[in-house]
Amino acid sequence: MDVPRILVVGSFSMDLTTTTGVFPASGETVLGKGFTTAPGGKGNNQAVQAARLGAQVTMVGKVGMDSFGDQVLAAAEKAGVNVQCVLRDDHGASTGIATILLEEDAQGNRCNRIIVVGGSNMTLTVEDVSFLEKDIADFDMVLLQFEIPMAVNVAVAQWAKQAGVPVMVNPAPAAVIPAELLRCATYLSPNEHEAAALTGITIRTEKRLNKADVQAACDALRRQGVEHVLITLGENGAALGDDTGLHYLPSVPDVPVADPTAAGDSFVAAFCVGICAGLNQVQAMDFARNAAAITVSQVGAQPSLPTLAEVREILDYYGELDFPRQIIDELAAAAKK
């Protein structure tokens, strides 16, 4: 087996997380419980996850000429991501940041409020990434998200389609998607909230998941030109809609949820690695849901993203399908060469 070659064009950020017992009201000051920093950004998270699962990953994006930029690049490189094509903004834009207020009550229940500042992510231009037009054919899959300018996503997707390279578009955060991007998307992977924002169809989950809503949302997106729609549904699992129908898998059972941050990034990246390694779509969903289960069971975004060995182990217990584990073993062997 050849090692999957994945290109991620997307965002870098530094996550600044403050934990408190109560959110401050307007004009109020409260004492916090703790503070942490960790590399993040949807593109960066997906690149790191794909690398930890054995793929050969190249990341393209832009960071600032600051210490946060140094730190996020060092962390990605340590995870095995090729960051040689990442640009540094020399016009004063800072590396993107996410300020996260995490409220934790006495029972351990958590909720958060997040402010994202795009910084250098939003200064990335089509000209910056124009070298990809001739290089993109070297990859097996391209991953895109919406934390960079939409014009960059459109250009990269068009180059990939012209070269016959599959494109995964993760439409997060939700935004109006240009028709030309939808036509280039092999896979579109919103969560249930993003799917509702894109289609106007609410996916009901009271008591149990309403699969008719999922089907309707998939159909609405496919009518816009997308080949395969992969909707992540949190604790309700995931569903993939295409010409063969709706394929649904529940989430891994009995997983203690410590922190859901980056679960979607883990799922999307793992799905792409699985497809590139030779799994069929449902098998890749199974691989991805097990990777995401590990992610939610641990605290932090990138620190919780699992390795291939960890996913291989959980598959032995929770893999619901007749899963071709030899493909995972071959992927692990190829990655070590």
# chains A, B, ... in the order shown; residues from 1 in each chain; ligands from 1
>>> select_by_dssp(residues="stretch 144-191 of chain A", states="helix (DSSP H, G or I)", output="list in words")
Met150, Ala151, Val152, Asn153, Val154, Ala155, Val156, Ala157, Gln158, Trp159, Ala160, Lys161, Gln162, Ala163, Ala179, Glu180, Leu181, Leu182, Arg183 and Cys184 of chain A
>>> residues_around(residues="A:Thr123", least_positions_apart="2", cutoff="10 Å", atoms="only C-alpha atoms", output="ChimeraX atom specification")
/A:61-64,89,91,93,118-121,125-126,128,148-149
>>> atom_distance(atom1="atom CA of A:Ala332", atom2="atom CA of A:Arg52")
10.2 Å
>>> closest_residue(among="A:Cys218, A:Val30, A:Met141, A:Val57", to="A:Gln84", atoms="only C-alpha atoms")
A:Val57
>>> residues_around(residues="stretch 156-172 of chain A", least_positions_apart="5", cutoff="8 Å", atoms="only C-alpha atoms", output="list of chain:residue names")
A:Val129, A:Leu132, A:Glu133, A:Ile136, A:Ala137, A:Phe139, A:Asp140, A:Met141, A:Val142, A:Leu143, A:Leu144, A:Gln145, A:Phe146, A:Glu147, A:Ile177, A:Glu180, A:Leu181, A:Cys184, A:Ala185, A:Thr186, A:Tyr187, A:Leu188, A:Ser189, A:Pro190, A:Glu194, A:Val268, A:Cys272
>>> residues_around(residues="A:Leu73", least_positions_apart="3", cutoff="10 Å", atoms="only C-alpha atoms", output="PDB file with N, CA, C and O atoms, in the first residue's frame")
ATOM      1  N   PHE A  12      -4.883  28.052  10.651  1.00  0.00           N
ATOM      2  CA  PHE A  12      -4.140  27.837  11.888  1.00  0.00           C
ATOM      3  C   PHE A  12      -4.651  28.823  12.928  1.00  0.00           C
ATOM      4  O   PHE A  12      -4.987  29.965  12.597  1.00  0.00           O
ATOM      5  N   SER A  13      -4.696  28.414  14.178  1.00  0.00           N
ATOM      6  CA  SER A  13      -4.995  29.366  15.250  1.00  0.00           C
ATOM      7  C   SER A  13      -4.377  28.868  16.542  1.00  0.00           C
ATOM      8  O   SER A  13      -3.977  27.704  16.661  1.00  0.00           O
ATOM      9  N   PRO A  39      -2.471  24.699  20.196  1.00  0.00           N
ATOM     10  CA  PRO A  39      -2.652  24.945  18.759  1.00  0.00           C
ATOM     11  C   PRO A  39      -4.013  24.448  18.291  1.00  0.00           C
ATOM     12  O   PRO A  39      -4.535  23.451  18.797  1.00  0.00           O
ATOM     13  N   ASN A  44      -5.711  23.076  10.565  1.00  0.00           N
ATOM     14  CA  ASN A  44      -4.587  22.528  11.312  1.00  0.00           C
ATOM     15  C   ASN A  44      -4.994  21.244  12.046  1.00  0.00           C
ATOM     16  O   ASN A  44      -4.273  20.239  12.015  1.00  0.00           O
ATOM     17  N   MET A  59       0.283  20.787   4.514  1.00  0.00           N
ATOM     18  CA  MET A  59      -0.616  21.854   4.936  1.00  0.00           C
ATOM     19  C   MET A  59      -0.216  23.156   4.262  1.00  0.00           C
ATOM     20  O   MET A  59       0.964  23.515   4.204  1.00  0.00           O
ATOM     21  N   VAL A  63       0.317  32.023   8.666  1.00  0.00           N
ATOM     22  CA  VAL A  63       0.378  32.422  10.069  1.00  0.00           C
ATOM     23  C   VAL A  63       1.113  33.752  10.161  1.00  0.00           C
ATOM     24  O   VAL A  63       1.727  34.213   9.190  1.00  0.00           O
ATOM     25  N   SER A  67       4.979  34.724  17.962  1.00  0.00           N
ATOM     26  CA  SER A  67       5.292  33.487  18.682  1.00  0.00           C
ATOM     27  C   SER A  67       4.192  32.443  18.522  1.00  0.00           C
ATOM     28  O   SER A  67       4.473  31.237  18.506  1.00  0.00           O
ATOM     29  N   PHE A  68       2.928  32.880  18.402  1.00  0.00           N
ATOM     30  CA  PHE A  68       1.855  31.907  18.178  1.00  0.00           C
ATOM     31  C   PHE A  68       2.067  31.183  16.845  1.00  0.00           C
ATOM     32  O   PHE A  68       1.832  29.981  16.735  1.00  0.00           O
ATOM     33  N   GLY A  69       2.507  31.932  15.836  1.00  0.00           N
ATOM     34  CA  GLY A  69       2.801  31.298  14.559  1.00  0.00           C
ATOM     35  C   GLY A  69       3.899  30.264  14.692  1.00  0.00           C
ATOM     36  O   GLY A  69       3.809  29.151  14.136  1.00  0.00           O
ATOM     37  N   ASP A  70       4.943  30.599  15.441  1.00  0.00           N
ATOM     38  CA  ASP A  70       6.032  29.647  15.675  1.00  0.00           C
ATOM     39  C   ASP A  70       5.504  28.385  16.350  1.00  0.00           C
ATOM     40  O   ASP A  70       5.858  27.255  15.975  1.00  0.00           O
ATOM     41  N   ALA A  76       2.423  21.301  14.539  1.00  0.00           N
ATOM     42  CA  ALA A  76       1.998  20.561  13.354  1.00  0.00           C
ATOM     43  C   ALA A  76       3.147  19.722  12.802  1.00  0.00           C
ATOM     44  O   ALA A  76       2.964  18.549  12.435  1.00  0.00           O
ATOM     45  N   GLU A  77       4.324  20.318  12.745  1.00  0.00           N
ATOM     46  CA  GLU A  77       5.484  19.584  12.227  1.00  0.00           C
ATOM     47  C   GLU A  77       5.820  18.390  13.117  1.00  0.00           C
ATOM     48  O   GLU A  77       6.152  17.303  12.625  1.00  0.00           O
ATOM     49  N   LYS A  78       5.700  18.567  14.425  1.00  0.00           N
ATOM     50  CA  LYS A  78       5.960  17.469  15.358  1.00  0.00           C
ATOM     51  C   LYS A  78       4.994  16.314  15.137  1.00  0.00           C
ATOM     52  O   LYS A  78       5.341  15.134  15.308  1.00  0.00           O
ATOM     53  N   ALA A  79       3.751  16.632  14.728  1.00  0.00           N
ATOM     54  CA  ALA A  79       2.754  15.593  14.466  1.00  0.00           C
ATOM     55  C   ALA A  79       2.979  14.896  13.125  1.00  0.00           C
ATOM     56  O   ALA A  79       2.281  13.926  12.811  1.00  0.00           O
ATOM     57  N   VAL A  81       3.157  16.714  10.026  1.00  0.00           N
ATOM     58  CA  VAL A  81       2.611  17.492   8.921  1.00  0.00           C
ATOM     59  C   VAL A  81       3.736  18.259   8.231  1.00  0.00           C
ATOM     60  O   VAL A  81       4.572  18.888   8.884  1.00  0.00           O
ATOM     61  N   ASN A  82       3.751  18.222   6.899  1.00  0.00           N
ATOM     62  CA  ASN A  82       4.690  19.024   6.121  1.00  0.00           C
ATOM     63  C   ASN A  82       4.182  20.466   6.078  1.00  0.00           C
ATOM     64  O   ASN A  82       3.135  20.740   5.493  1.00  0.00           O
ATOM     65  N   VAL A  83       4.911  21.378   6.707  1.00  0.00           N
ATOM     66  CA  VAL A  83       4.485  22.780   6.781  1.00  0.00           C
ATOM     67  C   VAL A  83       5.384  23.692   5.953  1.00  0.00           C
ATOM     68  O   VAL A  83       5.357  24.912   6.119  1.00  0.00           O
ATOM     69  N   GLN A  84       6.147  23.119   5.030  1.00  0.00           N
ATOM     70  CA  GLN A  84       7.077  23.924   4.243  1.00  0.00           C
ATOM     71  C   GLN A  84       6.361  24.913   3.324  1.00  0.00           C
ATOM     72  O   GLN A  84       6.961  25.908   2.895  1.00  0.00           O
ATOM     73  N   VAL A  86       3.603  26.567   4.200  1.00  0.00           N
ATOM     74  CA  VAL A  86       2.854  27.540   4.994  1.00  0.00           C
ATOM     75  C   VAL A  86       3.560  28.891   4.920  1.00  0.00           C
ATOM     76  O   VAL A  86       4.782  28.988   5.074  1.00  0.00           O
TER      77      VAL A  86
END
>>> atom_distance(atom1="atom CA of A:Asp242", atom2="atom CA of A:Glu206")
25.4 Å
>>> closest_residue(among="A:Ala212, A:Ile114, A:Ala258, A:Ala195", to="A:Val229", atoms="only C-alpha atoms")
A:Ala195
>>> residues_around(residues="A:Val311", least_positions_apart="4", cutoff="12 Å", atoms="only C-alpha atoms", output="ChimeraX atom specification")
/A:49,52-54,266-267,270,274,286-295,305-307,315-319,325,328-329,332
>>> closest_residue(among="A:Ala239, A:Val9, A:Ile314, A:Ala333", to="A:Asn153", atoms="only C-alpha atoms")
A:Val9
>>> atom_distance(atom1="atom CA of A:Ala75", atom2="atom CA of A:Val257")
24.7 Å
>>> closest_residue(among="A:Gln71, A:Gln283, A:Thr205, A:Ser130", to="A:Cys85", atoms="only C-alpha atoms")
A:Ser130
>>> residues_around(residues="A:Ile201", least_positions_apart="6", cutoff="9 Å", atoms="only C-alpha atoms", output="ChimeraX atom specification")
/A:195,213-214,216-217,220
>>> residues_around(residues="A:Thr20", least_positions_apart="4", cutoff="12 Å", atoms="only C-alpha atoms", output="PyMOL selection string")
chain A and resi 24+29-35+100-106+108-113
>>> closest_residue(among="A:Arg183, A:Lys42, A:Lys134, A:Lys337", to="A:Leu221", atoms="only C-alpha atoms")
A:Arg183
>>> select_by_dssp(residues="stretch 162-264 of chain A", states="strand (DSSP E)", output="list in words")
Val167, Met168, Val169, Asn170, Tyr187, Leu188, His228, Val229, Leu230, Ile231, Thr232, Ala238, Ala239, Leu240, Gly241, Asp242, Gly245, Leu246, His247, Tyr248 and Leu249 of chain A
>>> closest_residue(among="A:Val8, A:Met14, A:Ala98, A:Val116", to="A:Gly43", atoms="only C-alpha atoms")
A:Val8
